Structure formats: C-alpha cells, structure tokens
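Colleague: Provided herewith is a single structure, encoded as structure tokens, for subsequent inquiry.
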There are 2 protein chains.
Amino acid sequence: MSSSRLLDRLIEALQAMPGIGPVSASRIAFNLLDRKRDDALRISSVLKEAAEHIALCPDCRNYCDAEGEKCSICSDFHRRDSGMLCVVESPMDVEAFEQSGAFHGTYFVLHGHLSPIDGIGPEELGLESLGKRLDEGRVKEMILALGQSAEGEATKQYLAAMARRRGITVSGIATGIPMGGDIQSVDGLTLTTSLEYRRRIG
Amino acid sequence: MSSSRLLDRLIEALQAMPGIGPVSASRIAFNLLDRKRDDALRISSVLKEAAEHIALCPDCRNYCDAEGEKCSICSDFHRRDSGMLCVVESPMDVEAFEQSGAFHGTYFVLHGHLSPIDGIGPEELGLESLGKRLDEGRVKEMILALGQSAEGEATKQYLAAMARRRGITVSGIATGIPMGGDIQSVDGLTLTTSLEYRRRIG
C-alpha cells in the first residue's frame, strides 16, 4: 500500500497491460505523476478513444479507426495489388509484414484459428466475409501465413479448400532456417521442412 | 504505420511511459484492443483521475489522494512514531522503506536534491515546510536516506544544519555491502565507507 489509495488503484490498473508486473507498474505510475502529467492525460484520452472506437475493417478484419470504415491499408487501393491476398492470424502479423516492406498485396485477418474445442469455427474467423471477397474475382493468389500449430494446419487446409473451389491459387509461406540462423541450432522439424521447401539454385 | 491512425496515435502515446519502446507499446496496444477493452477503459479512467487529483501531502510532500488532504501514512498517526522522521528524495524511496517493513516513523519527501545549477534550491524541496515540522518539537531524530551523489551530500549537510540548529539528532543510513553481496564484487568507495560505518560486535 502506498501513500495514496488512488495511486494504488493506478498501479493495480496498469498491471492489466501485458508484460507489466507490480514493479514496472509502480515505476510507470510514479514517473507519470512526477513530471509527466500531460503525457498521462494524453495516454488516458487516446486509450479511451481507441478502446471505444477502433473496430474491424469490413474488408480485411484488421483494425480500423471506426465502425464501418475501411482500414488505411484497404483504403490505399492505388498502391495495393488486389490480386494477392495474405491471410494471417492477428493484426500484429500484418504489422510485421508491413514493416518488412516485402508485401504489397492485401490482407485478411482471422483473429485466431479454427479451434472447435474453444468454440472457434468458420463464423468466428469471418470466413463468410473471406468467401465473398474471393467470389469478387480479383484475388488470383491466396498466401497463407499462419502459425505452425496443429490448429494452424487445420485452418490452412480449410482455407486452401475454399480457394481451390474457386480456382484460386493457394500458397503458404516457407518454413526454414531464419536469416542469419545456423543449422546446428535449428530444431529437427524445421530442418526437415526446410528440405521440403528447397529451391533449385541457378 | 499500422492499419489505423488512431492505433498509431495510441502506440505513440504509450511510449511516454518509462521503459516502453515502440515494440512494447505495439504489444500493449494490440493486446488491450484484442480482448481487454474493459481493462483499457479502466486504465484510461484511473490514469485521468490520478493525473488530475493526486497532489502532495501538506505534511510530508508524499503523494496523497487530493489537494489539501493528508496522505495515508501521515493520516495513520496512531501506528506511527512521530519522533522519527526519515527524509528521502522521492516517493518511490518511501515505497521501498514501507515494503521493507523496517521503519515505523514518518517521512518527508524532497522530490529531488539541492542543485543550484538546475535552479533547485531549498524552496523547491519544500524545506520551509520541513523547518516548520521540526519546529513543532515532536521530531527527536531525523534520518537522512538520500542518494550518494555530490548533490545528495550537499543536501545532507544542509538538512543536518537545519536539524542541529533545533537540537534534533541527525543520522544517515549506512553505506556498506548489500545483504548477500560479496566483498570482491563491491566497489572500493563502498568498501572504504563500510569500514567507517563498522559496528562493534559483542
């Protein structure tokens, strides 16, 4: 217990953030109160606005500024190749691709993977909306960039079937040795799969 | 840039917190938006309330719930020895003492140390209010628990003179080997000072 009940409540509330335990929460609270009250008010106001307004883009289910609006990636159709659709599990995966600068197509965010035991079926992943998107006929190739778990594999099979029924090419990003990684320190399954994904040189 | 300008603003605002860089800020933002919007609203509301209302206790200058109110430590006068006054640089130092459970006296928080070059003089540290507290006659011993910097030393001298003028005992917490620490890994200055602070055994 600190010298102020309100401060105790602040330290407790901050611990809802991932990776923030009691020690970091105290440090953040004291620091903001000490000389950064304007920053604290700004964080409070943006956080409220974000929690109340950020919604899912009707096209790709990534985060967008408000209910019914398209996200800034889907709005940017001039710069995007709508023939390539990359399906990912979470908005953070989109961030990772965008930061790599390697992909100029569009995305679809599942927000999870099929997991019947947790009640997550095609509807929860927005697959009806994905089906409509594929029906529009612009997508030529669907790239699956999903996790390597058993549920991820099942989801890939389901999505691949959806694409094939519509005559759309399906691919999956490669499994292999990370850039700069060394062969001795990679697990056997990755190594096995990196052989399957091998590519002819020259 | 993410898929939402509001999300970008949130990630940017969160980086005002100490120890939170762009990667942690993204992780926090996505996590709160994903399944913890209620937590986000609660953090927002407590943070606003804290930034607007938390003030300094008129007795000890530690944080209290509202302007003009005493902090919960100063309010707890039944359980406190008002003859012992521990002077610290920051509210986090009070937290550290309180968590140790070793001190049952009262505190005075300077919020810094004397630093004429930065324009921090006795007034900025609330020393007039400390003087009044010492004049009340309840304090028998003033314990200085300040940092070991040059400015910390100058502040100690100034505070010691204030106490001596009023016939109040002044002490400083010991410098020495941390509990469980080993002698070889402690710096020479700490070792030298640990000799000066030595205590007769038996």
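Residue numbering restarts at 1 in every chain; chains get A, B, ... in the order shown in the structure tokens, and ligands count up from 1 in that same order.
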Can you pull out the residues contacting Ala154 in chain A? Cut-off 9 Å, using only C-alpha atoms, and skip same-chain residues under 3 positions away; I want them as a PyMOL selection string.
Modeller: chain A and resi 113-115+149-151+157-159
Colleague: Using only C-alpha atoms, find which residues of chain B lie within 7 Å of chain A and jot them down as number ranges by chain.
Modeller: B: 2-7, 10, 13-14, 16-18, 28, 33, 37, 39-48, 50-51, 62-65, 71-73, 95
Colleague: Please save N, CA and C atoms of the selected residues as an mmCIF file, in the first residue's frame.
Modeller:
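Okay, selection12.cif is ready:
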```cif
data_model
loop_
_atom_site.group_PDB
_atom_site.id
_atom_site.type_symbol
_atom_site.label_atom_id
_atom_site.label_comp_id
_atom_site.auth_asym_id
_atom_site.auth_seq_id
_atom_site.Cartn_x
_atom_site.Cartn_y
_atom_site.Cartn_z
ATOM 1 N N SER B 2 0.386 1.668 -38.999
ATOM 2 C CA SER B 2 -0.479 0.490 -38.926
ATOM 3 C C SER B 2 -1.725 0.734 -39.771
ATOM 4 N N SER B 3 -2.722 -0.129 -39.593
ATOM 5 C CA SER B 3 -3.937 -0.043 -40.408
ATOM 6 C C SER B 3 -4.901 1.026 -39.903
ATOM 7 N N SER B 4 -4.592 1.651 -38.750
ATOM 8 C CA SER B 4 -5.494 2.639 -38.160
ATOM 9 C C SER B 4 -4.681 3.802 -37.598
ATOM 10 N N ARG B 5 -5.061 5.017 -37.971
ATOM 11 C CA ARG B 5 -4.344 6.192 -37.463
ATOM 12 C C ARG B 5 -4.498 6.315 -35.951
ATOM 13 N N LEU B 6 -5.683 5.940 -35.450
ATOM 14 C CA LEU B 6 -5.948 6.009 -34.021
ATOM 15 C C LEU B 6 -5.041 5.035 -33.268
ATOM 16 N N LEU B 7 -4.848 3.862 -33.860
ATOM 17 C CA LEU B 7 -3.946 2.872 -33.272
ATOM 18 C C LEU B 7 -2.509 3.395 -33.274
ATOM 19 N N LEU B 10 -2.175 5.741 -30.484
ATOM 20 C CA LEU B 10 -2.118 5.030 -29.199
ATOM 21 C C LEU B 10 -0.706 4.487 -28.955
ATOM 22 N N ALA B 13 1.557 7.348 -28.075
ATOM 23 C CA ALA B 13 1.299 7.910 -26.735
ATOM 24 C C ALA B 13 1.841 6.997 -25.635
ATOM 25 N N LEU B 14 1.692 5.682 -25.819
ATOM 26 C CA LEU B 14 2.133 4.737 -24.778
ATOM 27 C C LEU B 14 3.640 4.809 -24.543
ATOM 28 N N ALA B 16 5.366 7.277 -23.984
ATOM 29 C CA ALA B 16 5.752 8.261 -22.965
ATOM 30 C C ALA B 16 6.006 7.582 -21.618
ATOM 31 N N MET B 17 5.586 6.311 -21.494
ATOM 32 C CA MET B 17 5.814 5.605 -20.230
ATOM 33 C C MET B 17 7.265 5.125 -20.177
ATOM 34 N N PRO B 18 7.909 5.190 -18.990
ATOM 35 C CA PRO B 18 9.317 4.806 -18.905
ATOM 36 C C PRO B 18 9.493 3.321 -19.201
ATOM 37 N N ILE B 28 1.392 -3.840 -26.207
ATOM 38 C CA ILE B 28 0.370 -3.414 -25.242
ATOM 39 C C ILE B 28 -0.904 -2.979 -25.968
ATOM 40 N N LEU B 33 -6.557 -3.966 -27.220
ATOM 41 C CA LEU B 33 -7.648 -3.874 -28.194
ATOM 42 C C LEU B 33 -8.262 -5.232 -28.482
ATOM 43 N N ARG B 37 -10.693 -4.579 -23.800
ATOM 44 C CA ARG B 37 -11.137 -3.188 -23.920
ATOM 45 C C ARG B 37 -11.628 -2.636 -22.588
ATOM 46 N N ASP B 39 -10.402 -3.381 -19.647
ATOM 47 C CA ASP B 39 -9.189 -3.001 -18.920
ATOM 48 C C ASP B 39 -8.648 -1.675 -19.449
ATOM 49 N N ALA B 40 -8.685 -1.518 -20.779
ATOM 50 C CA ALA B 40 -8.181 -0.275 -21.381
ATOM 51 C C ALA B 40 -8.969 0.924 -20.858
ATOM 52 N N LEU B 41 -10.293 0.786 -20.781
ATOM 53 C CA LEU B 41 -11.132 1.893 -20.295
ATOM 54 C C LEU B 41 -10.867 2.163 -18.812
ATOM 55 N N ARG B 42 -10.599 1.094 -18.062
ATOM 56 C CA ARG B 42 -10.331 1.271 -16.635
ATOM 57 C C ARG B 42 -8.986 1.987 -16.452
ATOM 58 N N ILE B 43 -7.949 1.564 -17.209
ATOM 59 C CA ILE B 43 -6.650 2.245 -17.115
ATOM 60 C C ILE B 43 -6.847 3.715 -17.470
ATOM 61 N N SER B 44 -7.572 3.977 -18.569
ATOM 62 C CA SER B 44 -7.776 5.344 -19.014
ATOM 63 C C SER B 44 -8.420 6.183 -17.911
ATOM 64 N N SER B 45 -9.450 5.632 -17.281
ATOM 65 C CA SER B 45 -10.181 6.434 -16.302
ATOM 66 C C SER B 45 -9.373 6.669 -15.023
ATOM 67 N N VAL B 46 -8.676 5.620 -14.527
ATOM 68 C CA VAL B 46 -7.874 5.805 -13.303
ATOM 69 C C VAL B 46 -6.701 6.744 -13.571
ATOM 70 N N LEU B 47 -6.124 6.634 -14.780
ATOM 71 C CA LEU B 47 -4.971 7.479 -15.119
ATOM 72 C C LEU B 47 -5.373 8.951 -15.147
ATOM 73 N N LYS B 48 -6.552 9.233 -15.724
ATOM 74 C CA LYS B 48 -7.047 10.610 -15.781
ATOM 75 C C LYS B 48 -7.289 11.129 -14.353
ATOM 76 N N ALA B 50 -6.008 10.084 -11.569
ATOM 77 C CA ALA B 50 -4.743 10.231 -10.835
ATOM 78 C C ALA B 50 -3.995 11.487 -11.285
ATOM 79 N N ALA B 51 -3.903 11.681 -12.614
ATOM 80 C CA ALA B 51 -3.143 12.833 -13.126
ATOM 81 C C ALA B 51 -3.800 14.149 -12.713
ATOM 82 N N ASN B 62 4.609 13.663 0.277
ATOM 83 C CA ASN B 62 4.432 12.431 -0.490
ATOM 84 C C ASN B 62 3.096 12.557 -1.226
ATOM 85 N N TYR B 63 2.815 11.632 -2.173
ATOM 86 C CA TYR B 63 1.561 11.724 -2.910
ATOM 87 C C TYR B 63 0.362 11.441 -2.012
ATOM 88 N N CYS B 64 -0.705 12.209 -2.189
ATOM 89 C CA CYS B 64 -1.953 11.966 -1.466
ATOM 90 C C CYS B 64 -3.095 12.021 -2.473
ATOM 91 N N ASP B 65 -4.293 11.586 -2.045
ATOM 92 C CA ASP B 65 -5.419 11.440 -2.970
ATOM 93 C C ASP B 65 -5.926 12.745 -3.578
ATOM 94 N N CYS B 71 -1.710 12.400 3.305
ATOM 95 C CA CYS B 71 -1.511 11.092 2.679
ATOM 96 C C CYS B 71 -1.888 10.006 3.684
ATOM 97 N N SER B 72 -1.988 8.743 3.222
ATOM 98 C CA SER B 72 -2.470 7.713 4.141
ATOM 99 C C SER B 72 -1.428 7.370 5.213
ATOM 100 N N ILE B 73 -0.158 7.660 4.967
ATOM 101 C CA ILE B 73 0.858 7.403 6.005
ATOM 102 C C ILE B 73 0.742 8.457 7.114
ATOM 103 N N GLU B 95 8.118 4.077 -0.721
ATOM 104 C CA GLU B 95 7.596 2.747 -1.052
ATOM 105 C C GLU B 95 8.571 1.657 -0.639
#
```
Colleague: From a DSSP calculation on the backbone, collect every residue of range 4-196 of chain B in strand (DSSP E or B) and output the set as a count of residues only.
Modeller: 28
Colleague: DSSP on the backbone, alpha helix (DSSP H) only: what residues of range 1-62 of chain B does that give? Format it as an NGL selection string.
Modeller: :B and (5-14 or 22-35 or 37-53)
Colleague: Might you pull out every residue within 8 Å of range 131-134 of chain B, with only C-alpha atoms counted and same-chain residues fewer than 6 positions away left off, and present them as a ChimeraX atom specification?
Modeller: /B:59,162-163,166
Colleague: Report the distance between CA of Val170 in chain A and CA of Glu69 in chain A in Å, rounded to one decimal place.
Modeller: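 Pair CA of Val170 in chain A / CA of Glu69 in chain A returns 28.4 Å.
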Colleague: Could you check how far CA of Val23 in chain B sits from CA of Glu67 in chain A, in Å to one decimal?
Modeller: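 So the answer is 26.3 Å.
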Colleague: Compile the contact shell of range 185-193 of chain A as a PyMOL selection string: residues with an atom at most 10 Å away, counting only C-alpha atoms, same-chain residues fewer than 6 positions apart removed.
Modeller: chain A and resi 174-178
Colleague: Kindly export the residues of the current selection with N, CA, C and O atoms, as a short mmCIF file (atom, residue, chain, number, x, y, z; two decimals), in the first residue's frame.
Modeller:
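Final output, selection_29.cif:
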```cif
data_model
loop_
_atom_site.label_atom_id
_atom_site.label_comp_id
_atom_site.auth_asym_id
_atom_site.auth_seq_id
_atom_site.Cartn_x
_atom_site.Cartn_y
_atom_site.Cartn_z
N ALA A 174 7.18 -20.07 -46.61
CA ALA A 174 8.12 -21.17 -46.37
C ALA A 174 8.47 -21.33 -44.89
O ALA A 174 8.51 -20.37 -44.12
N THR A 175 8.72 -22.58 -44.51
CA THR A 175 9.33 -22.89 -43.22
C THR A 175 10.79 -23.17 -43.52
O THR A 175 11.10 -23.87 -44.47
N GLY A 176 11.70 -22.63 -42.74
CA GLY A 176 13.12 -22.88 -43.00
C GLY A 176 14.00 -22.23 -41.95
O GLY A 176 13.53 -21.81 -40.89
N ILE A 177 15.28 -22.16 -42.27
CA ILE A 177 16.28 -21.58 -41.37
C ILE A 177 16.09 -20.06 -41.38
O ILE A 177 16.09 -19.46 -42.45
N PRO A 178 15.96 -19.41 -40.22
CA PRO A 178 15.86 -17.95 -40.24
C PRO A 178 17.14 -17.33 -40.79
O PRO A 178 18.21 -17.92 -40.67
#
```
Colleague: Can you pull out every residue within 6 Å of Leu144 in chain B, counting only C-alpha atoms, but drop anything in the same chain fewer than 4 positions away, and send it as a PyMOL selection string?
Modeller: chain B and resi 86-87+172
